[in-house]
$ cat final04.cif   # mmCIF, C-alpha atoms
data_data
loop_
_atom_site.group_PDB
_atom_site.id
_atom_site.type_symbol
_atom_site.label_atom_id
_atom_site.label_comp_id
_atom_site.auth_asym_id
_atom_site.auth_seq_id
_atom_site.Cartn_x
_atom_site.Cartn_y
_atom_site.Cartn_z
ATOM 1 C CA MET A 1 -109.640 -26.876 4.102
ATOM 2 C CA LYS A 2 -107.637 -25.282 1.303
ATOM 3 C CA GLU A 3 -109.523 -22.015 1.755
ATOM 4 C CA ASN A 4 -108.777 -22.058 5.493
ATOM 5 C CA ARG A 5 -105.090 -22.641 4.801
ATOM 6 C CA THR A 6 -105.065 -19.814 2.237
ATOM 7 C CA SER A 7 -106.804 -17.532 4.718
ATOM 8 C CA PHE A 8 -104.289 -18.494 7.431
ATOM 9 C CA ASN A 9 -101.328 -17.816 5.135
ATOM 10 C CA SER A 10 -102.834 -14.483 4.149
ATOM 11 C CA LEU A 11 -103.297 -13.542 7.828
ATOM 12 C CA LYS A 12 -99.760 -14.713 8.607
ATOM 13 C CA PHE A 13 -98.395 -12.556 5.785
ATOM 14 C CA LYS A 14 -100.336 -9.525 7.034
ATOM 15 C CA ILE A 15 -99.055 -10.015 10.582
ATOM 16 C CA ILE A 16 -95.450 -10.378 9.426
ATOM 17 C CA PHE A 17 -95.773 -7.366 7.135
ATOM 18 C CA PHE A 18 -97.313 -5.277 9.929
ATOM 19 C CA LEU A 19 -94.569 -6.288 12.397
ATOM 20 C CA ILE A 20 -91.849 -5.539 9.843
ATOM 21 C CA ILE A 21 -93.293 -2.049 9.337
ATOM 22 C CA ILE A 22 -93.326 -1.499 13.128
ATOM 23 C CA ILE A 23 -89.725 -2.716 13.428
ATOM 24 C CA LEU A 24 -88.570 -0.443 10.602
ATOM 25 C CA ILE A 25 -90.299 2.547 12.204
ATOM 26 C CA ILE A 26 -88.654 1.772 15.561
ATOM 27 C CA PHE A 27 -85.330 1.297 13.770
ATOM 28 C CA LEU A 28 -85.666 4.701 12.083
ATOM 29 C CA ILE A 29 -86.679 6.543 15.260
ATOM 30 C CA ASN A 30 -83.913 4.836 17.240
ATOM 31 C CA ASN A 31 -81.234 5.904 14.777
ATOM 32 C CA ILE A 32 -82.506 9.461 14.562
ATOM 33 C CA LEU A 33 -82.351 9.734 18.362
ATOM 34 C CA ILE A 34 -78.894 8.166 18.556
ATOM 35 C CA ILE A 35 -77.516 10.489 15.885
ATOM 36 C CA TYR A 36 -79.131 13.565 17.469
ATOM 37 C CA ILE A 37 -77.990 12.790 21.027
ATOM 38 C CA TYR A 38 -74.460 11.776 20.047
ATOM 39 C CA ASN A 39 -74.093 14.742 17.698
ATOM 40 C CA ASN A 40 -75.262 17.142 20.415
ATOM 41 C CA ASN A 41 -72.972 15.665 23.082
ATOM 42 C CA LEU A 42 -69.986 15.607 20.729
ATOM 43 C CA LYS A 43 -70.700 19.150 19.591
ATOM 44 C CA ASN A 44 -70.724 20.397 23.210
ATOM 45 C CA SER A 45 -67.544 18.509 24.016
ATOM 46 C CA ILE A 46 -65.704 19.839 20.953
ATOM 47 C CA PHE A 47 -67.012 23.360 21.568
ATOM 48 C CA ASN A 48 -65.718 23.419 25.151
ATOM 49 C CA ASN A 49 -62.345 21.968 24.166
ATOM 50 C CA SER A 50 -61.960 24.276 21.147
ATOM 51 C CA LYS A 51 -63.010 27.281 23.216
ATOM 52 C CA SER A 52 -60.323 26.421 25.764
ATOM 53 C CA LEU A 53 -57.694 26.116 23.013
ATOM 54 C CA GLY A 54 -58.907 29.363 21.442
ATOM 55 C CA VAL A 55 -58.623 31.210 24.734
ATOM 56 C CA SER A 56 -55.037 29.954 25.172
ATOM 57 C CA ILE A 57 -54.156 31.263 21.686
ATOM 58 C CA LEU A 58 -55.978 34.511 22.423
ATOM 59 C CA THR A 59 -54.062 34.961 25.679
ATOM 60 C CA LEU A 60 -50.735 34.661 23.847
ATOM 61 C CA ILE A 61 -51.894 37.094 21.150
ATOM 62 C CA ASN A 62 -53.121 39.651 23.702
ATOM 63 C CA ARG A 63 -49.748 39.621 25.461
ATOM 64 C CA THR A 64 -48.093 41.021 22.341
ATOM 65 C CA LEU A 65 -50.799 43.261 20.846
ATOM 66 C CA LYS A 66 -49.687 46.096 23.118
ATOM 67 C CA TRP A 67 -46.489 46.505 21.098
ATOM 68 C CA SER A 68 -47.194 44.674 17.805
ATOM 69 C CA THR A 69 -49.938 44.048 15.260
ATOM 70 C CA LEU A 70 -51.783 40.754 14.840
ATOM 71 C CA SER A 71 -49.792 39.850 11.718
ATOM 72 C CA ASP A 72 -46.512 40.473 13.555
ATOM 73 C CA THR A 73 -47.356 38.485 16.685
ATOM 74 C CA PRO A 74 -44.290 36.334 17.397
ATOM 75 C CA GLY A 75 -44.462 32.699 18.450
ATOM 76 C CA ILE A 76 -48.095 32.115 17.429
ATOM 77 C CA THR A 77 -47.331 29.838 14.469
ATOM 78 C CA ASP A 78 -45.223 27.462 16.550
ATOM 79 C CA PHE A 79 -47.845 27.568 19.308
ATOM 80 C CA ILE A 80 -50.803 26.594 17.086
ATOM 81 C CA ILE A 81 -48.777 23.889 15.315
ATOM 82 C CA ASN A 82 -47.909 22.454 18.713
ATOM 83 C CA LEU A 83 -51.606 22.517 19.716
ATOM 84 C CA LYS A 84 -52.563 20.629 16.575
ATOM 85 C CA GLU A 85 -49.872 18.000 17.166
ATOM 86 C CA LYS A 86 -51.224 17.417 20.682
ATOM 87 C CA ASN A 87 -54.823 17.202 19.386
ATOM 88 C CA PRO A 88 -54.909 14.833 16.360
ATOM 89 C CA ASN A 89 -58.645 15.448 15.814
ATOM 90 C CA ILE A 90 -57.895 19.032 14.799
ATOM 91 C CA SER A 91 -58.001 19.583 11.047
ATOM 92 C CA ASP A 92 -56.657 23.146 10.994
ATOM 93 C CA ILE A 93 -56.174 26.215 13.142
ATOM 94 C CA TRP A 94 -56.421 29.585 11.395
ATOM 95 C CA VAL A 95 -55.762 33.125 12.572
ATOM 96 C CA LEU A 96 -57.505 35.695 10.383
ATOM 97 C CA ASN A 97 -57.241 39.469 10.314
ATOM 98 C CA GLU A 98 -60.300 41.742 10.401
ATOM 99 C CA ASN A 99 -60.670 41.477 6.609
ATOM 100 C CA GLY A 100 -60.917 37.695 6.606
ATOM 101 C CA LYS A 101 -57.385 37.052 5.387
ATOM 102 C CA ILE A 102 -55.712 33.974 6.900
ATOM 103 C CA ILE A 103 -52.424 35.326 8.224
ATOM 104 C CA LEU A 104 -51.420 32.230 10.208
ATOM 105 C CA SER A 105 -52.334 28.580 9.696
ATOM 106 C CA THR A 106 -51.206 25.135 10.753
ATOM 107 C CA ASP A 107 -51.361 24.308 7.040
ATOM 108 C CA LYS A 108 -49.299 26.759 4.965
ATOM 109 C CA LYS A 109 -51.440 26.286 1.859
ATOM 110 C CA TYR A 110 -54.205 28.360 3.479
ATOM 111 C CA GLU A 111 -52.038 31.323 4.462
ATOM 112 C CA ASN A 112 -52.726 34.629 2.654
ATOM 113 C CA LYS A 113 -56.078 33.320 1.431
ATOM 114 C CA THR A 114 -58.978 35.732 2.008
ATOM 115 C CA LEU A 115 -62.282 34.091 2.994
ATOM 116 C CA THR A 116 -65.302 35.870 1.539
ATOM 117 C CA ASP A 117 -68.068 33.288 1.983
ATOM 118 C CA LYS A 118 -71.191 34.131 3.983
ATOM 119 C CA LYS A 119 -70.262 32.023 7.035
ATOM 120 C CA SER A 120 -66.772 33.521 7.258
ATOM 121 C CA LYS A 121 -68.189 37.052 7.127
ATOM 122 C CA GLU A 122 -70.667 36.113 9.848
ATOM 123 C CA MET A 123 -67.841 34.759 12.013
ATOM 124 C CA LEU A 124 -65.845 37.975 11.616
ATOM 125 C CA ALA A 125 -68.776 39.907 13.116
ATOM 126 C CA LEU A 126 -69.101 37.689 16.217
ATOM 127 C CA ASN A 127 -68.779 39.119 19.704
ATOM 128 C CA ASP A 128 -68.431 35.756 21.404
ATOM 129 C CA VAL A 129 -67.259 32.208 20.702
ATOM 130 C CA LYS A 130 -69.527 30.163 18.434
ATOM 131 C CA ILE A 131 -69.366 26.716 16.815
ATOM 132 C CA TYR A 132 -70.409 25.983 13.234
ATOM 133 C CA ILE A 133 -71.090 22.536 11.789
ATOM 134 C CA TYR A 134 -69.994 21.607 8.286
ATOM 135 C CA SER A 135 -70.214 18.271 6.486
ATOM 136 C CA ASP A 136 -66.658 17.311 7.457
ATOM 137 C CA VAL A 137 -65.683 19.523 10.418
ATOM 138 C CA PHE A 138 -66.829 21.334 13.536
ATOM 139 C CA ASP A 139 -65.580 24.915 13.163
ATOM 140 C CA THR A 140 -65.210 26.981 16.346
ATOM 141 C CA ALA A 141 -64.803 30.739 15.865
ATOM 142 C CA VAL A 142 -63.098 32.853 18.555
ATOM 143 C CA PRO A 143 -63.157 36.634 17.932
ATOM 144 C CA ILE A 144 -60.006 38.646 18.657
ATOM 145 C CA PHE A 145 -60.306 42.104 20.217
ATOM 146 C CA ASN A 146 -57.335 44.343 20.969
ATOM 147 C CA PRO A 147 -57.562 45.284 24.679
ATOM 148 C CA TYR A 148 -55.115 48.155 24.088
ATOM 149 C CA GLU A 149 -56.989 49.882 21.263
ATOM 150 C CA LYS A 150 -60.493 51.365 21.125
ATOM 151 C CA ASP A 151 -62.873 51.255 18.160
ATOM 152 C CA ILE A 152 -63.588 54.861 17.203
ATOM 153 C CA ASN A 153 -67.236 54.048 16.429
ATOM 154 C CA THR A 154 -68.159 52.028 19.511
ATOM 155 C CA ASP A 155 -65.499 53.101 22.025
ATOM 156 C CA LYS A 156 -65.042 49.384 22.809
ATOM 157 C CA GLU A 157 -62.042 47.135 22.261
ATOM 158 C CA LYS A 158 -61.176 47.123 18.579
ATOM 159 C CA ARG A 159 -61.931 43.957 16.609
ATOM 160 C CA VAL A 160 -58.704 42.855 14.934
ATOM 161 C CA GLY A 161 -59.357 39.300 13.788
ATOM 162 C CA LEU A 162 -60.586 35.813 14.408
ATOM 163 C CA ILE A 163 -59.305 32.387 15.457
ATOM 164 C CA ARG A 164 -60.887 29.354 13.782
ATOM 165 C CA ILE A 165 -60.330 25.868 15.184
ATOM 166 C CA ARG A 166 -61.572 23.186 12.803
ATOM 167 C CA VAL A 167 -62.079 19.671 14.193
ATOM 168 C CA PHE A 168 -62.699 16.524 12.129
ATOM 169 C CA LYS A 169 -66.144 14.880 12.375
ATOM 170 C CA THR A 170 -64.552 11.420 12.017
ATOM 171 C CA GLU A 171 -65.577 10.325 15.505
ATOM 172 C CA LEU A 172 -69.210 11.243 14.876
ATOM 173 C CA ASN A 173 -69.282 9.551 11.473
ATOM 174 C CA GLN A 174 -67.839 6.330 12.928
ATOM 175 C CA ALA A 175 -70.365 6.298 15.772
ATOM 176 C CA VAL A 176 -73.262 6.827 13.365
ATOM 177 C CA THR A 177 -71.987 4.061 11.079
ATOM 178 C CA TYR A 178 -71.640 1.574 13.951
ATOM 179 C CA SER A 179 -75.102 2.491 15.216
ATOM 180 C CA LEU A 180 -76.692 1.962 11.804
ATOM 181 C CA LEU A 181 -74.924 -1.362 11.314
ATOM 182 C CA TYR A 182 -75.937 -2.605 14.767
ATOM 183 C CA SER A 183 -79.569 -1.547 14.345
ATOM 184 C CA SER A 184 -79.714 -3.055 10.858
ATOM 185 C CA LEU A 185 -78.331 -6.374 12.102
ATOM 186 C CA VAL A 186 -80.830 -6.531 14.981
ATOM 187 C CA SER A 187 -83.715 -5.679 12.647
ATOM 188 C CA ILE A 188 -82.693 -8.347 10.123
ATOM 189 C CA ILE A 189 -82.455 -10.991 12.878
ATOM 190 C CA ILE A 190 -85.889 -10.076 14.284
ATOM 191 C CA ILE A 191 -87.493 -10.089 10.838
ATOM 192 C CA ALA A 192 -85.901 -13.476 10.055
ATOM 193 C CA LEU A 193 -87.177 -14.953 13.332
ATOM 194 C CA LEU A 194 -90.667 -13.635 12.653
ATOM 195 C CA SER A 195 -90.655 -15.223 9.217
ATOM 196 C CA ILE A 196 -89.650 -18.579 10.671
ATOM 197 C CA PHE A 197 -91.950 -18.797 13.666
ATOM 198 C CA LEU A 198 -95.077 -17.044 12.431
#
$ encode --input "final04.cif" --output "structure tokens"
Amino acid sequence: MKENRTSFNSLKFKIIFFLIIIILIIFLINNILIIYIYNNNLKNSIFNNSKSLGVSILTLINRTLKWSTLSDTPGITDFIINLKEKNPNISDIWVLNENGKIILSTDKKYENKTLTDKKSKEMLALNDVKIYIYSDVFDTAVPIFNPYEKDINTDKEKRVGLIRIRVFKTELNQAVTYSLLYSSLVSIIIIALLSIFL
């Protein structure tokens, strides 16, 4: 009788252990999918919004490039500050010249700083809008070409700079946190119920 009870308890333990492993695997896969899907959707949403904002800045810049240089473009600072105020998720908006120097920024501490990191150099060579993902921000790069000046090497519009719109990842981080907490709570409840009834 004692041996049967021991055997039953051993089988019960194995079943519970097996089910816990299954639940943890499902929990892990579920969270990976949630993070991937939400990150992808948020990235697309931020990219489209940032691209739209970048184009509006670019339009204002292009209006004045015919008779001024990028560093002398009037009204841009006030315009980008106003954009940031209307979009609280924006961390910073930078306007860089062709050498990677930040000539305009919504945060004055960045102005006149030259960016020489690998990503910044890659952005300066872009021909189209592209989004980059960092640990704390989504960074959308919008190249600036002067429609009134030709590049002597390519005979195309001359590259004169870059717009970078940096958006906080706070929304993504909160969603991931809530998802992990919810999944953890559900898993704990299921495991507790299994321990009681099996």
$ closest_residue --input "final04.cif" --among "A:Leu83, A:Ala125, A:Leu115, A:Leu60" --to "Arg159 (chain A)" --atoms "only C-alpha atoms"
A:Ala125
$ residues_around --input "final04.cif" --residues "Asn48 (chain A)" --least-positions-apart "5" --cutoff "12 Å" --atoms "all atoms listed in the file" --output "list in words"
Asn41, Leu42, Lys43, Leu53, Gly54, Val55, Val129, Lys130, Ile131, Phe138, Thr140, Ala141, Val142 and Ile165 of chain A
$ write_last_selection --input "final04.cif" --atoms "C-alpha atoms" --output "PDB file, keeping the file's coordinate frame"
ATOM      1  CA  ASN A  41     -72.972  15.665  23.082  1.00  0.00           C
ATOM      2  CA  LEU A  42     -69.986  15.607  20.729  1.00  0.00           C
ATOM      3  CA  LYS A  43     -70.700  19.150  19.591  1.00  0.00           C
ATOM      4  CA  LEU A  53     -57.694  26.116  23.013  1.00  0.00           C
ATOM      5  CA  GLY A  54     -58.907  29.363  21.442  1.00  0.00           C
ATOM      6  CA  VAL A  55     -58.623  31.210  24.734  1.00  0.00           C
ATOM      7  CA  VAL A 129     -67.259  32.208  20.702  1.00  0.00           C
ATOM      8  CA  LYS A 130     -69.527  30.163  18.434  1.00  0.00           C
ATOM      9  CA  ILE A 131     -69.366  26.716  16.815  1.00  0.00           C
ATOM     10  CA  PHE A 138     -66.829  21.334  13.536  1.00  0.00           C
ATOM     11  CA  THR A 140     -65.210  26.981  16.346  1.00  0.00           C
ATOM     12  CA  ALA A 141     -64.803  30.739  15.865  1.00  0.00           C
ATOM     13  CA  VAL A 142     -63.098  32.853  18.555  1.00  0.00           C
ATOM     14  CA  ILE A 165     -60.330  25.868  15.184  1.00  0.00           C
TER      15      ILE A 165
END
$ closest_residue --input "final04.cif" --among "A:Ile80, A:Leu24, A:Ile34, A:Ile90" --to "Ser56 (chain A)" --atoms "all atoms listed in the file"
A:Ile80
$ residues_around --input "final04.cif" --residues "region 72-75 of chain A" --least-positions-apart "5" --cutoff "12 Å" --atoms "only C-alpha atoms" --output "VMD selection string"
chain A and resid 57 to 67 80 to 82 95 97 103 to 104
$ residues_around --input "final04.cif" --residues "Pro147 (chain A)" --least-positions-apart "2" --cutoff "8 Å" --atoms "only C-alpha atoms" --output "list in words"
Asn62, Phe145, Glu149, Lys150, Glu157 and Lys158 of chain A
$ closest_residue --input "final04.cif" --among "A:Ile37, A:Ile188, A:Ile102, A:Ile144" --to "Val160 (chain A)" --atoms "only C-alpha atoms"
A:Ile144
$ atom_distance --input "final04.cif" --atom1 "CA of Ile29 (chain A)" --atom2 "CA of Asp139 (chain A)"
28.1 Å
$ closest_residue --input "final04.cif" --among "A:Gly161, A:Asn39, A:Lys51, A:Leu33" --to "Ser71 (chain A)" --atoms "only C-alpha atoms"
A:Gly161
$ atom_distance --input "final04.cif" --atom1 "CA of Thr106 (chain A)" --atom2 "CA of Ser120 (chain A)"
18.0 Å
$ atom_distance --input "final04.cif" --atom1 "CA of Tyr36 (chain A)" --atom2 "CA of Leu19 (chain A)"
25.7 Å
